[in-house]
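Shown next, in structure tokens, is the structure this report addresses.
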Amino acid sequence: MTMSAEDIIKEGELEKRSENLLQFWKKRKCVLTKDSLNIYADTQKRSKFKELKLQSIKKVDCVERTCRFIYFTIVTTDDKEIDFRCSLEQDCWNAQITMALIDYQNRKALQDFKTRQDNESASPGQERRMARAP
């Protein structure tokens, strides 16, 4: 996947909690774009990656701050939880992901509104009926 420089919002390292029984924290190279969060398996090379599209993210939840890390959880639309942490020295990944999610949802809402307006103006023969109070 090719990304232009203007599509990238944030790039850096995050630690992701593994989904196995021991739940170790593993460093991952991450790239946040206006449409997705790309999580690379290798911190040095950009070979294999998992793309978490913003349309599949419901919310960023459970933000906790300790003396060394900021912990947060991304909740997907199918209620899967993915845990992350970042050091306090880094800019707040959780805030950047939340703002990218809000921006994506706003763009989607505007697109849906414009589509609905175009569909209504395309069918001029139908009159809009107003509901009357009883």
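Chain labels A, B, ... are given in the sequence in which chains occur in the structure tokens; within each chain residues are numbered consecutively from 1, and ligands are likewise numbered from 1 in the order shown.
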Could you pull out all residues of stretch 28-128 of chain A with a DSSP call of strand (DSSP E or B) and give them as an NGL selection string? :A and (28-33 or 36-40 or 49-53 or 57-65 or 69-76 or 81-87)
Requested write-out: N, CA, C and O atoms of the selected residues, as a compact mmCIF listing (two decimals), in the first residue's frame:
```
# COMPACT_ATOMS: atom_id res chain seq x y z
N ARG A 28 5.55 -2.20 17.95
CA ARG A 28 5.09 -2.23 16.57
C ARG A 28 5.29 -0.86 15.94
O ARG A 28 5.07 0.16 16.58
N LYS A 29 5.69 -0.85 14.70
CA LYS A 29 5.76 0.38 13.93
C LYS A 29 4.34 0.65 13.45
O LYS A 29 3.68 -0.22 12.90
N CYS A 30 3.83 1.86 13.69
CA CYS A 30 2.46 2.21 13.32
C CYS A 30 2.45 3.48 12.48
O CYS A 30 3.24 4.39 12.72
N VAL A 31 1.53 3.49 11.53
CA VAL A 31 1.32 4.67 10.69
C VAL A 31 -0.17 4.97 10.70
O VAL A 31 -0.98 4.13 10.30
N LEU A 32 -0.52 6.15 11.19
CA LEU A 32 -1.90 6.60 11.22
C LEU A 32 -2.14 7.49 10.01
O LEU A 32 -1.42 8.48 9.81
N THR A 33 -3.13 7.11 9.19
CA THR A 33 -3.50 7.92 8.03
C THR A 33 -4.90 8.45 8.23
O THR A 33 -5.54 8.14 9.25
N SER A 36 -6.97 4.98 8.05
CA SER A 36 -6.64 3.72 8.72
C SER A 36 -5.45 3.86 9.67
O SER A 36 -4.70 4.84 9.61
N LEU A 37 -5.31 2.85 10.52
CA LEU A 37 -4.13 2.68 11.37
C LEU A 37 -3.44 1.42 10.88
O LEU A 37 -4.02 0.33 10.93
N ASN A 38 -2.22 1.57 10.36
CA ASN A 38 -1.46 0.44 9.85
C ASN A 38 -0.47 0.00 10.90
O ASN A 38 0.33 0.80 11.39
N ILE A 39 -0.52 -1.28 11.26
CA ILE A 39 0.33 -1.85 12.31
C ILE A 39 1.26 -2.85 11.65
O ILE A 39 0.81 -3.88 11.13
N TYR A 40 2.56 -2.57 11.68
CA TYR A 40 3.55 -3.40 11.01
C TYR A 40 4.11 -4.43 11.99
O TYR A 40 4.36 -4.13 13.15
N PHE A 49 1.86 -6.07 7.30
CA PHE A 49 1.18 -5.17 8.20
C PHE A 49 -0.31 -5.50 8.26
O PHE A 49 -0.86 -6.13 7.37
N LYS A 50 -0.92 -5.06 9.35
CA LYS A 50 -2.37 -5.20 9.53
C LYS A 50 -2.96 -3.81 9.40
O LYS A 50 -2.51 -2.87 10.05
N GLU A 51 -3.97 -3.68 8.55
CA GLU A 51 -4.62 -2.40 8.36
C GLU A 51 -5.93 -2.40 9.15
O GLU A 51 -6.80 -3.22 8.92
N LEU A 52 -6.01 -1.47 10.09
CA LEU A 52 -7.23 -1.30 10.87
C LEU A 52 -7.91 -0.05 10.35
O LEU A 52 -7.50 1.07 10.66
N LYS A 53 -8.93 -0.24 9.52
CA LYS A 53 -9.63 0.90 8.90
C LYS A 53 -10.43 1.66 9.96
O LYS A 53 -10.98 1.06 10.87
N ILE A 57 -13.53 1.07 13.45
CA ILE A 57 -13.27 1.44 14.84
C ILE A 57 -14.50 2.14 15.41
O ILE A 57 -15.02 3.09 14.83
N LYS A 58 -14.96 1.63 16.55
CA LYS A 58 -16.11 2.24 17.22
C LYS A 58 -15.65 3.39 18.10
O LYS A 58 -16.23 4.48 18.08
N LYS A 59 -14.59 3.16 18.90
CA LYS A 59 -14.12 4.21 19.80
C LYS A 59 -12.74 3.87 20.36
O LYS A 59 -12.28 2.74 20.27
N VAL A 60 -12.09 4.89 20.91
CA VAL A 60 -10.86 4.73 21.68
C VAL A 60 -11.27 4.85 23.13
O VAL A 60 -11.87 5.84 23.53
N ASP A 61 -10.96 3.83 23.92
CA ASP A 61 -11.52 3.72 25.26
C ASP A 61 -10.43 3.43 26.28
O ASP A 61 -9.28 3.16 25.94
N CYS A 62 -10.81 3.49 27.53
CA CYS A 62 -9.98 3.06 28.67
C CYS A 62 -8.59 3.71 28.67
O CYS A 62 -7.58 3.02 28.72
N VAL A 63 -8.55 5.00 28.61
CA VAL A 63 -7.27 5.69 28.65
C VAL A 63 -6.81 5.78 30.10
O VAL A 63 -7.54 6.26 30.97
N GLU A 64 -5.61 5.29 30.35
CA GLU A 64 -5.04 5.32 31.70
C GLU A 64 -3.60 5.81 31.60
O GLU A 64 -2.86 5.41 30.70
N ARG A 65 -3.22 6.65 32.51
CA ARG A 65 -1.88 7.22 32.51
C ARG A 65 -1.14 6.77 33.76
O ARG A 65 -1.66 6.88 34.87
N PHE A 69 3.77 5.15 31.12
CA PHE A 69 3.02 4.86 29.89
C PHE A 69 1.62 5.45 29.90
O PHE A 69 1.06 5.72 30.96
N ILE A 70 1.07 5.59 28.70
CA ILE A 70 -0.34 5.86 28.50
C ILE A 70 -0.93 4.59 27.88
O ILE A 70 -0.43 4.11 26.85
N TYR A 71 -1.92 4.02 28.53
CA TYR A 71 -2.58 2.80 28.06
C TYR A 71 -3.93 3.18 27.46
O TYR A 71 -4.64 4.00 28.03
N PHE A 72 -4.27 2.56 26.34
CA PHE A 72 -5.60 2.79 25.75
C PHE A 72 -6.03 1.56 24.97
O PHE A 72 -5.23 0.72 24.60
N THR A 73 -7.33 1.49 24.74
CA THR A 73 -7.94 0.36 24.05
C THR A 73 -8.72 0.88 22.85
O THR A 73 -9.48 1.84 22.97
N ILE A 74 -8.53 0.24 21.72
CA ILE A 74 -9.34 0.53 20.54
C ILE A 74 -10.43 -0.53 20.48
O ILE A 74 -10.14 -1.73 20.52
N VAL A 75 -11.68 -0.08 20.43
CA VAL A 75 -12.82 -0.99 20.33
C VAL A 75 -13.33 -0.94 18.90
O VAL A 75 -13.62 0.13 18.37
N THR A 76 -13.42 -2.11 18.27
CA THR A 76 -13.87 -2.19 16.89
C THR A 76 -15.39 -2.33 16.83
O THR A 76 -16.03 -2.55 17.85
N GLU A 81 -11.54 -5.84 21.28
CA GLU A 81 -10.71 -4.85 21.96
C GLU A 81 -9.24 -5.11 21.68
O GLU A 81 -8.77 -6.24 21.81
N ILE A 82 -8.53 -4.04 21.30
CA ILE A 82 -7.10 -4.13 21.02
C ILE A 82 -6.41 -3.15 21.96
O ILE A 82 -6.69 -1.95 21.93
N ASP A 83 -5.51 -3.66 22.80
CA ASP A 83 -4.83 -2.84 23.81
C ASP A 83 -3.49 -2.34 23.29
O ASP A 83 -2.72 -3.08 22.69
N PHE A 84 -3.23 -1.06 23.57
CA PHE A 84 -1.98 -0.41 23.19
C PHE A 84 -1.44 0.37 24.38
O PHE A 84 -2.17 0.72 25.30
N ARG A 85 -0.15 0.67 24.30
CA ARG A 85 0.46 1.61 25.24
C ARG A 85 1.57 2.35 24.51
O ARG A 85 2.17 1.84 23.56
N CYS A 86 1.82 3.57 24.96
CA CYS A 86 2.92 4.36 24.43
C CYS A 86 3.59 5.09 25.58
O CYS A 86 2.97 5.32 26.63
N SER A 87 4.84 5.43 25.40
CA SER A 87 5.56 6.11 26.47
C SER A 87 5.09 7.55 26.59
O SER A 87 4.55 8.13 25.64
```
Taking 2 positions as the minimum chain separation for residues in the same chain, which residues sit within 12 Å of A:Gln90 when counting only C-alpha atoms? Answer as a PDB file with N, CA, C and O atoms, in the first residue's frame.
```pdb
ATOM      1  N   LYS A  10       0.354  10.504  11.608  1.00  0.00           N
ATOM      2  CA  LYS A  10       1.349  10.215  12.644  1.00  0.00           C
ATOM      3  C   LYS A  10       2.044   8.916  12.303  1.00  0.00           C
ATOM      4  O   LYS A  10       1.433   7.984  11.785  1.00  0.00           O
ATOM      5  N   GLU A  11       3.328   8.868  12.632  1.00  0.00           N
ATOM      6  CA  GLU A  11       4.120   7.665  12.382  1.00  0.00           C
ATOM      7  C   GLU A  11       5.057   7.476  13.568  1.00  0.00           C
ATOM      8  O   GLU A  11       5.630   8.435  14.069  1.00  0.00           O
ATOM      9  N   GLY A  12       5.177   6.248  14.038  1.00  0.00           N
ATOM     10  CA  GLY A  12       6.061   5.986  15.161  1.00  0.00           C
ATOM     11  C   GLY A  12       5.831   4.608  15.748  1.00  0.00           C
ATOM     12  O   GLY A  12       5.228   3.737  15.126  1.00  0.00           O
ATOM     13  N   GLU A  13       6.305   4.425  16.985  1.00  0.00           N
ATOM     14  CA  GLU A  13       6.183   3.135  17.652  1.00  0.00           C
ATOM     15  C   GLU A  13       5.085   3.139  18.696  1.00  0.00           C
ATOM     16  O   GLU A  13       4.928   4.094  19.442  1.00  0.00           O
ATOM     17  N   LEU A  14       4.348   2.051  18.712  1.00  0.00           N
ATOM     18  CA  LEU A  14       3.359   1.773  19.747  1.00  0.00           C
ATOM     19  C   LEU A  14       3.644   0.373  20.250  1.00  0.00           C
ATOM     20  O   LEU A  14       4.214  -0.445  19.536  1.00  0.00           O
ATOM     21  N   GLU A  15       3.239   0.101  21.469  1.00  0.00           N
ATOM     22  CA  GLU A  15       3.320  -1.265  21.975  1.00  0.00           C
ATOM     23  C   GLU A  15       1.913  -1.834  21.993  1.00  0.00           C
ATOM     24  O   GLU A  15       0.995  -1.219  22.505  1.00  0.00           O
ATOM     25  N   ARG A  68       5.010   5.942  33.534  1.00  0.00           N
ATOM     26  CA  ARG A  68       5.828   5.641  32.353  1.00  0.00           C
ATOM     27  C   ARG A  68       5.048   5.554  31.046  1.00  0.00           C
ATOM     28  O   ARG A  68       5.600   5.818  29.981  1.00  0.00           O
ATOM     29  N   PHE A  69       3.766   5.147  31.117  1.00  0.00           N
ATOM     30  CA  PHE A  69       3.025   4.862  29.894  1.00  0.00           C
ATOM     31  C   PHE A  69       1.619   5.452  29.902  1.00  0.00           C
ATOM     32  O   PHE A  69       1.061   5.722  30.961  1.00  0.00           O
ATOM     33  N   ILE A  70       1.073   5.585  28.701  1.00  0.00           N
ATOM     34  CA  ILE A  70      -0.344   5.856  28.502  1.00  0.00           C
ATOM     35  C   ILE A  70      -0.927   4.592  27.882  1.00  0.00           C
ATOM     36  O   ILE A  70      -0.434   4.112  26.852  1.00  0.00           O
ATOM     37  N   ARG A  85      -0.148   0.668  24.303  1.00  0.00           N
ATOM     38  CA  ARG A  85       0.459   1.612  25.238  1.00  0.00           C
ATOM     39  C   ARG A  85       1.566   2.349  24.506  1.00  0.00           C
ATOM     40  O   ARG A  85       2.168   1.841  23.563  1.00  0.00           O
ATOM     41  N   CYS A  86       1.824   3.575  24.961  1.00  0.00           N
ATOM     42  CA  CYS A  86       2.919   4.361  24.429  1.00  0.00           C
ATOM     43  C   CYS A  86       3.586   5.091  25.585  1.00  0.00           C
ATOM     44  O   CYS A  86       2.969   5.322  26.626  1.00  0.00           O
ATOM     45  N   SER A  87       4.841   5.432  25.398  1.00  0.00           N
ATOM     46  CA  SER A  87       5.563   6.110  26.469  1.00  0.00           C
ATOM     47  C   SER A  87       5.094   7.550  26.586  1.00  0.00           C
ATOM     48  O   SER A  87       4.547   8.126  25.642  1.00  0.00           O
ATOM     49  N   LEU A  88       5.303   8.129  27.747  1.00  0.00           N
ATOM     50  CA  LEU A  88       4.867   9.515  27.976  1.00  0.00           C
ATOM     51  C   LEU A  88       5.654  10.512  27.142  1.00  0.00           C
ATOM     52  O   LEU A  88       5.176  11.623  26.889  1.00  0.00           O
ATOM     53  N   CYS A  92       0.674  11.983  22.234  1.00  0.00           N
ATOM     54  CA  CYS A  92      -0.436  11.108  22.612  1.00  0.00           C
ATOM     55  C   CYS A  92      -1.057  10.435  21.394  1.00  0.00           C
ATOM     56  O   CYS A  92      -1.811  11.065  20.656  1.00  0.00           O
ATOM     57  N   TRP A  93      -0.755   9.175  21.215  1.00  0.00           N
ATOM     58  CA  TRP A  93      -1.325   8.404  20.114  1.00  0.00           C
ATOM     59  C   TRP A  93      -2.834   8.307  20.258  1.00  0.00           C
ATOM     60  O   TRP A  93      -3.561   8.389  19.273  1.00  0.00           O
ATOM     61  N   ASN A  94      -3.305   8.113  21.482  1.00  0.00           N
ATOM     62  CA  ASN A  94      -4.747   7.947  21.686  1.00  0.00           C
ATOM     63  C   ASN A  94      -5.516   9.183  21.216  1.00  0.00           C
ATOM     64  O   ASN A  94      -6.567   9.067  20.589  1.00  0.00           O
ATOM     65  N   ALA A  95      -4.994  10.358  21.480  1.00  0.00           N
ATOM     66  CA  ALA A  95      -5.658  11.591  21.042  1.00  0.00           C
ATOM     67  C   ALA A  95      -5.620  11.719  19.523  1.00  0.00           C
ATOM     68  O   ALA A  95      -6.613  12.111  18.903  1.00  0.00           O
ATOM     69  N   GLN A  96      -4.496  11.380  18.919  1.00  0.00           N
ATOM     70  CA  GLN A  96      -4.374  11.458  17.459  1.00  0.00           C
ATOM     71  C   GLN A  96      -5.329  10.483  16.774  1.00  0.00           C
ATOM     72  O   GLN A  96      -5.965  10.829  15.773  1.00  0.00           O
TER      73      GLN A  96
END
```
Here is a test: counting only C-alpha atoms, which residue of A:Lys26, A:Glu6, A:Asn20, A:Leu110 is nearest to A:Asp42? A:Lys26
Report the distance between atom CA of A:Cys67 and atom CA of A:Leu101 in Å, rounded to one decimal place.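 Computing it gives 26.9 Å between the two atoms.
With only C-alpha atoms as the basis for measurement, A:Gln55 is the residue among A:Gln55, A:Glu89, A:Thr77, A:Ala122 that approaches A:Gln105 most closely.
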Provide the atom CA of A:Asp103 to atom CA of A:Lys34 distance in Å, to one decimal place.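 Spanning atom CA of A:Asp103 to atom CA of A:Lys34 is a straight-line distance of 7.9 Å.
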Which parts of chain A does DSSP call alpha helix (DSSP H) when run on the backbone here, written out as a short mmCIF file (atom, residue, chain, number, x, y, z; two decimals) with all heavy atoms, in the first residue's frame?
```cif
data_model
loop_
_atom_site.label_atom_id
_atom_site.label_comp_id
_atom_site.auth_asym_id
_atom_site.auth_seq_id
_atom_site.Cartn_x
_atom_site.Cartn_y
_atom_site.Cartn_z
N TRP A 93 -0.76 9.18 21.21
CA TRP A 93 -1.33 8.40 20.11
C TRP A 93 -2.83 8.31 20.26
O TRP A 93 -3.56 8.39 19.27
CB TRP A 93 -0.73 6.99 20.09
CG TRP A 93 0.52 6.88 19.28
CD1 TRP A 93 1.80 6.99 19.73
CD2 TRP A 93 0.61 6.62 17.88
NE1 TRP A 93 2.68 6.82 18.70
CE2 TRP A 93 1.97 6.58 17.55
CE3 TRP A 93 -0.33 6.41 16.89
CZ2 TRP A 93 2.42 6.34 16.26
CZ3 TRP A 93 0.11 6.17 15.60
CH2 TRP A 93 1.47 6.15 15.29
N ASN A 94 -3.30 8.11 21.48
CA ASN A 94 -4.75 7.95 21.69
C ASN A 94 -5.52 9.18 21.22
O ASN A 94 -6.57 9.07 20.59
CB ASN A 94 -5.07 7.61 23.14
CG ASN A 94 -4.57 8.67 24.10
OD1 ASN A 94 -3.42 9.09 24.02
ND2 ASN A 94 -5.42 9.10 25.01
N ALA A 95 -4.99 10.36 21.48
CA ALA A 95 -5.66 11.59 21.04
C ALA A 95 -5.62 11.72 19.52
O ALA A 95 -6.61 12.11 18.90
CB ALA A 95 -5.00 12.80 21.70
N GLN A 96 -4.50 11.38 18.92
CA GLN A 96 -4.37 11.46 17.46
C GLN A 96 -5.33 10.48 16.77
O GLN A 96 -5.96 10.83 15.77
CB GLN A 96 -2.93 11.16 17.03
CG GLN A 96 -1.94 12.21 17.41
CD GLN A 96 -2.09 13.46 16.56
OE1 GLN A 96 -2.55 13.40 15.43
NE2 GLN A 96 -1.71 14.59 17.11
N ILE A 97 -5.44 9.27 17.30
CA ILE A 97 -6.35 8.27 16.73
C ILE A 97 -7.79 8.73 16.90
O ILE A 97 -8.61 8.63 15.98
CB ILE A 97 -6.12 6.88 17.36
CG1 ILE A 97 -4.72 6.37 17.00
CG2 ILE A 97 -7.19 5.89 16.91
CD1 ILE A 97 -4.29 5.14 17.78
N THR A 98 -8.13 9.27 18.07
CA THR A 98 -9.48 9.77 18.32
C THR A 98 -9.83 10.90 17.36
O THR A 98 -10.93 10.93 16.79
CB THR A 98 -9.63 10.24 19.78
OG1 THR A 98 -9.34 9.15 20.65
CG2 THR A 98 -11.03 10.76 20.06
N MET A 99 -8.91 11.84 17.17
CA MET A 99 -9.18 12.96 16.26
C MET A 99 -9.30 12.49 14.81
O MET A 99 -10.15 12.99 14.06
CB MET A 99 -8.07 14.02 16.38
CG MET A 99 -8.06 14.72 17.73
SD MET A 99 -9.64 15.47 18.18
CE MET A 99 -9.77 16.75 16.97
N ALA A 100 -8.49 11.51 14.40
CA ALA A 100 -8.61 10.95 13.05
C ALA A 100 -9.95 10.25 12.88
O ALA A 100 -10.58 10.34 11.82
CB ALA A 100 -7.47 9.98 12.78
N LEU A 101 -10.41 9.56 13.93
CA LEU A 101 -11.70 8.88 13.89
C LEU A 101 -12.85 9.89 13.77
O LEU A 101 -13.77 9.71 12.96
CB LEU A 101 -11.88 8.02 15.14
CG LEU A 101 -13.16 7.22 15.27
CD1 LEU A 101 -13.32 6.25 14.11
CD2 LEU A 101 -13.19 6.47 16.60
N ILE A 102 -12.79 10.97 14.52
CA ILE A 102 -13.81 12.02 14.44
C ILE A 102 -13.81 12.66 13.05
O ILE A 102 -14.87 12.88 12.45
CB ILE A 102 -13.60 13.08 15.55
CG1 ILE A 102 -13.91 12.48 16.91
CG2 ILE A 102 -14.44 14.32 15.29
CD1 ILE A 102 -13.48 13.34 18.07
N ASP A 103 -12.62 12.94 12.53
CA ASP A 103 -12.51 13.53 11.19
C ASP A 103 -13.11 12.58 10.15
O ASP A 103 -13.86 13.01 9.26
CB ASP A 103 -11.06 13.84 10.86
CG ASP A 103 -10.91 14.47 9.49
OD1 ASP A 103 -11.54 15.52 9.25
OD2 ASP A 103 -10.15 13.91 8.66
N TYR A 104 -12.81 11.28 10.24
CA TYR A 104 -13.35 10.30 9.31
C TYR A 104 -14.88 10.25 9.40
O TYR A 104 -15.57 10.25 8.38
CB TYR A 104 -12.77 8.90 9.59
CG TYR A 104 -13.43 7.83 8.78
CD1 TYR A 104 -13.06 7.62 7.45
CD2 TYR A 104 -14.46 7.07 9.30
CE1 TYR A 104 -13.70 6.67 6.68
CE2 TYR A 104 -15.11 6.11 8.54
CZ TYR A 104 -14.71 5.91 7.23
OH TYR A 104 -15.37 4.98 6.47
N GLN A 105 -15.41 10.22 10.63
CA GLN A 105 -16.87 10.16 10.81
C GLN A 105 -17.55 11.41 10.27
O GLN A 105 -18.63 11.34 9.70
CB GLN A 105 -17.21 9.94 12.28
CG GLN A 105 -16.84 8.55 12.76
CD GLN A 105 -16.96 8.39 14.26
OE1 GLN A 105 -16.95 9.35 15.02
NE2 GLN A 105 -17.03 7.14 14.71
N ASN A 106 -16.92 12.58 10.44
CA ASN A 106 -17.47 13.83 9.90
C ASN A 106 -17.48 13.81 8.37
O ASN A 106 -18.46 14.22 7.74
CB ASN A 106 -16.69 15.04 10.40
CG ASN A 106 -17.02 15.38 11.83
OD1 ASN A 106 -18.03 14.95 12.37
ND2 ASN A 106 -16.14 16.13 12.47
N ARG A 107 -16.38 13.35 7.76
CA ARG A 107 -16.32 13.26 6.30
C ARG A 107 -17.39 12.30 5.78
O ARG A 107 -18.05 12.58 4.78
CB ARG A 107 -14.94 12.80 5.84
CG ARG A 107 -13.89 13.89 5.91
CD ARG A 107 -12.57 13.46 5.29
NE ARG A 107 -11.87 12.56 6.22
CZ ARG A 107 -11.45 11.35 5.89
NH1 ARG A 107 -11.61 10.87 4.69
NH2 ARG A 107 -10.82 10.60 6.78
N LYS A 108 -17.56 11.18 6.46
CA LYS A 108 -18.57 10.18 6.06
C LYS A 108 -19.98 10.76 6.18
O LYS A 108 -20.81 10.55 5.30
CB LYS A 108 -18.42 8.93 6.95
CG LYS A 108 -19.42 7.84 6.68
CD LYS A 108 -18.93 6.92 5.62
CE LYS A 108 -19.81 5.69 5.52
NZ LYS A 108 -20.85 5.77 4.54
N ALA A 109 -20.26 11.48 7.26
CA ALA A 109 -21.58 12.08 7.46
C ALA A 109 -21.87 13.12 6.37
O ALA A 109 -22.99 13.17 5.84
CB ALA A 109 -21.67 12.72 8.84
N LEU A 110 -20.89 13.94 6.01
CA LEU A 110 -21.08 14.92 4.94
C LEU A 110 -21.31 14.24 3.60
O LEU A 110 -22.17 14.65 2.82
CB LEU A 110 -19.86 15.85 4.84
CG LEU A 110 -19.77 16.95 5.89
CD1 LEU A 110 -18.43 17.67 5.80
CD2 LEU A 110 -20.92 17.93 5.73
N GLN A 111 -20.58 13.18 3.35
CA GLN A 111 -20.75 12.43 2.11
C GLN A 111 -22.15 11.81 2.04
O GLN A 111 -22.81 11.88 1.01
CB GLN A 111 -19.68 11.34 2.01
CG GLN A 111 -19.76 10.52 0.75
CD GLN A 111 -18.71 9.42 0.73
OE1 GLN A 111 -18.01 9.18 1.72
NE2 GLN A 111 -18.59 8.74 -0.39
N ASP A 112 -22.60 11.22 3.14
CA ASP A 112 -23.95 10.63 3.18
C ASP A 112 -25.02 11.70 2.99
O ASP A 112 -26.01 11.48 2.28
CB ASP A 112 -24.18 9.90 4.51
CG ASP A 112 -23.34 8.65 4.64
OD1 ASP A 112 -22.76 8.20 3.63
OD2 ASP A 112 -23.24 8.12 5.77
N PHE A 113 -24.84 12.88 3.60
CA PHE A 113 -25.79 13.97 3.46
C PHE A 113 -25.88 14.45 2.01
O PHE A 113 -26.97 14.64 1.47
CB PHE A 113 -25.41 15.13 4.39
CG PHE A 113 -26.29 16.33 4.26
CD1 PHE A 113 -27.57 16.32 4.79
CD2 PHE A 113 -25.86 17.47 3.60
CE1 PHE A 113 -28.41 17.42 4.66
CE2 PHE A 113 -26.67 18.58 3.47
CZ PHE A 113 -27.95 18.56 4.01
N LYS A 114 -24.71 14.63 1.38
CA LYS A 114 -24.69 15.08 -0.02
C LYS A 114 -25.33 14.03 -0.94
O LYS A 114 -26.06 14.39 -1.87
CB LYS A 114 -23.27 15.38 -0.46
CG LYS A 114 -22.71 16.64 0.15
CD LYS A 114 -21.28 16.88 -0.26
CE LYS A 114 -20.74 18.12 0.42
NZ LYS A 114 -19.33 18.34 0.10
N THR A 115 -25.08 12.77 -0.67
CA THR A 115 -25.69 11.70 -1.47
C THR A 115 -27.20 11.72 -1.32
O THR A 115 -27.93 11.59 -2.30
CB THR A 115 -25.13 10.33 -1.04
OG1 THR A 115 -23.71 10.34 -1.19
CG2 THR A 115 -25.71 9.21 -1.88
N ARG A 116 -27.68 11.88 -0.10
CA ARG A 116 -29.12 11.94 0.16
C ARG A 116 -29.73 13.15 -0.53
O ARG A 116 -30.81 13.06 -1.12
CB ARG A 116 -29.38 11.96 1.66
CG ARG A 116 -30.83 11.72 2.03
CD ARG A 116 -31.06 11.50 3.52
NE ARG A 116 -30.45 12.50 4.36
CZ ARG A 116 -29.47 12.24 5.24
NH1 ARG A 116 -29.00 11.04 5.38
NH2 ARG A 116 -28.96 13.21 5.98
N GLN A 117 -29.06 14.29 -0.48
CA GLN A 117 -29.56 15.49 -1.16
C GLN A 117 -29.62 15.29 -2.66
O GLN A 117 -30.59 15.68 -3.31
CB GLN A 117 -28.67 16.69 -0.85
CG GLN A 117 -29.10 17.51 0.32
CD GLN A 117 -28.30 18.80 0.41
OE1 GLN A 117 -27.15 18.87 0.00
NE2 GLN A 117 -28.91 19.82 0.97
N ASP A 118 -28.60 14.67 -3.23
CA ASP A 118 -28.58 14.42 -4.66
C ASP A 118 -29.70 13.47 -5.07
O ASP A 118 -30.33 13.65 -6.11
CB ASP A 118 -27.23 13.84 -5.09
CG ASP A 118 -26.10 14.86 -5.00
OD1 ASP A 118 -26.41 16.08 -4.90
OD2 ASP A 118 -24.93 14.44 -5.00
N ASN A 119 -29.97 12.47 -4.25
CA ASN A 119 -31.04 11.51 -4.54
C ASN A 119 -32.40 12.18 -4.47
O ASN A 119 -33.29 11.88 -5.26
CB ASN A 119 -30.99 10.32 -3.59
CG ASN A 119 -29.81 9.42 -3.87
OD1 ASN A 119 -29.20 9.49 -4.93
ND2 ASN A 119 -29.47 8.58 -2.91
N GLU A 120 -32.59 13.08 -3.51
CA GLU A 120 -33.87 13.79 -3.39
C GLU A 120 -34.09 14.76 -4.55
O GLU A 120 -35.20 14.90 -5.04
CB GLU A 120 -33.95 14.54 -2.06
CG GLU A 120 -34.13 13.63 -0.87
CD GLU A 120 -34.12 14.38 0.46
OE1 GLU A 120 -33.94 15.61 0.46
OE2 GLU A 120 -34.26 13.71 1.49
N SER A 121 -33.05 15.42 -4.99
CA SER A 121 -33.19 16.37 -6.10
C SER A 121 -33.32 15.64 -7.44
O SER A 121 -33.86 16.19 -8.40
CB SER A 121 -32.01 17.33 -6.14
OG SER A 121 -30.82 16.63 -6.42
N ALA A 122 -32.88 14.39 -7.52
CA ALA A 122 -32.98 13.61 -8.76
C ALA A 122 -34.40 13.12 -9.00
O ALA A 122 -34.77 12.80 -10.12
CB ALA A 122 -32.03 12.43 -8.71
#
```
Work out how far apart atom CA of A:Lys48 and atom CA of A:Trp25 are and give it in Å to one decimal. 18.5 Å
Which of these, A:Lys16, A:Asp79, A:Ile9, A:Gln23, has the shortest distance to A:Ala41 once you count only C-alpha atoms? A:Lys16
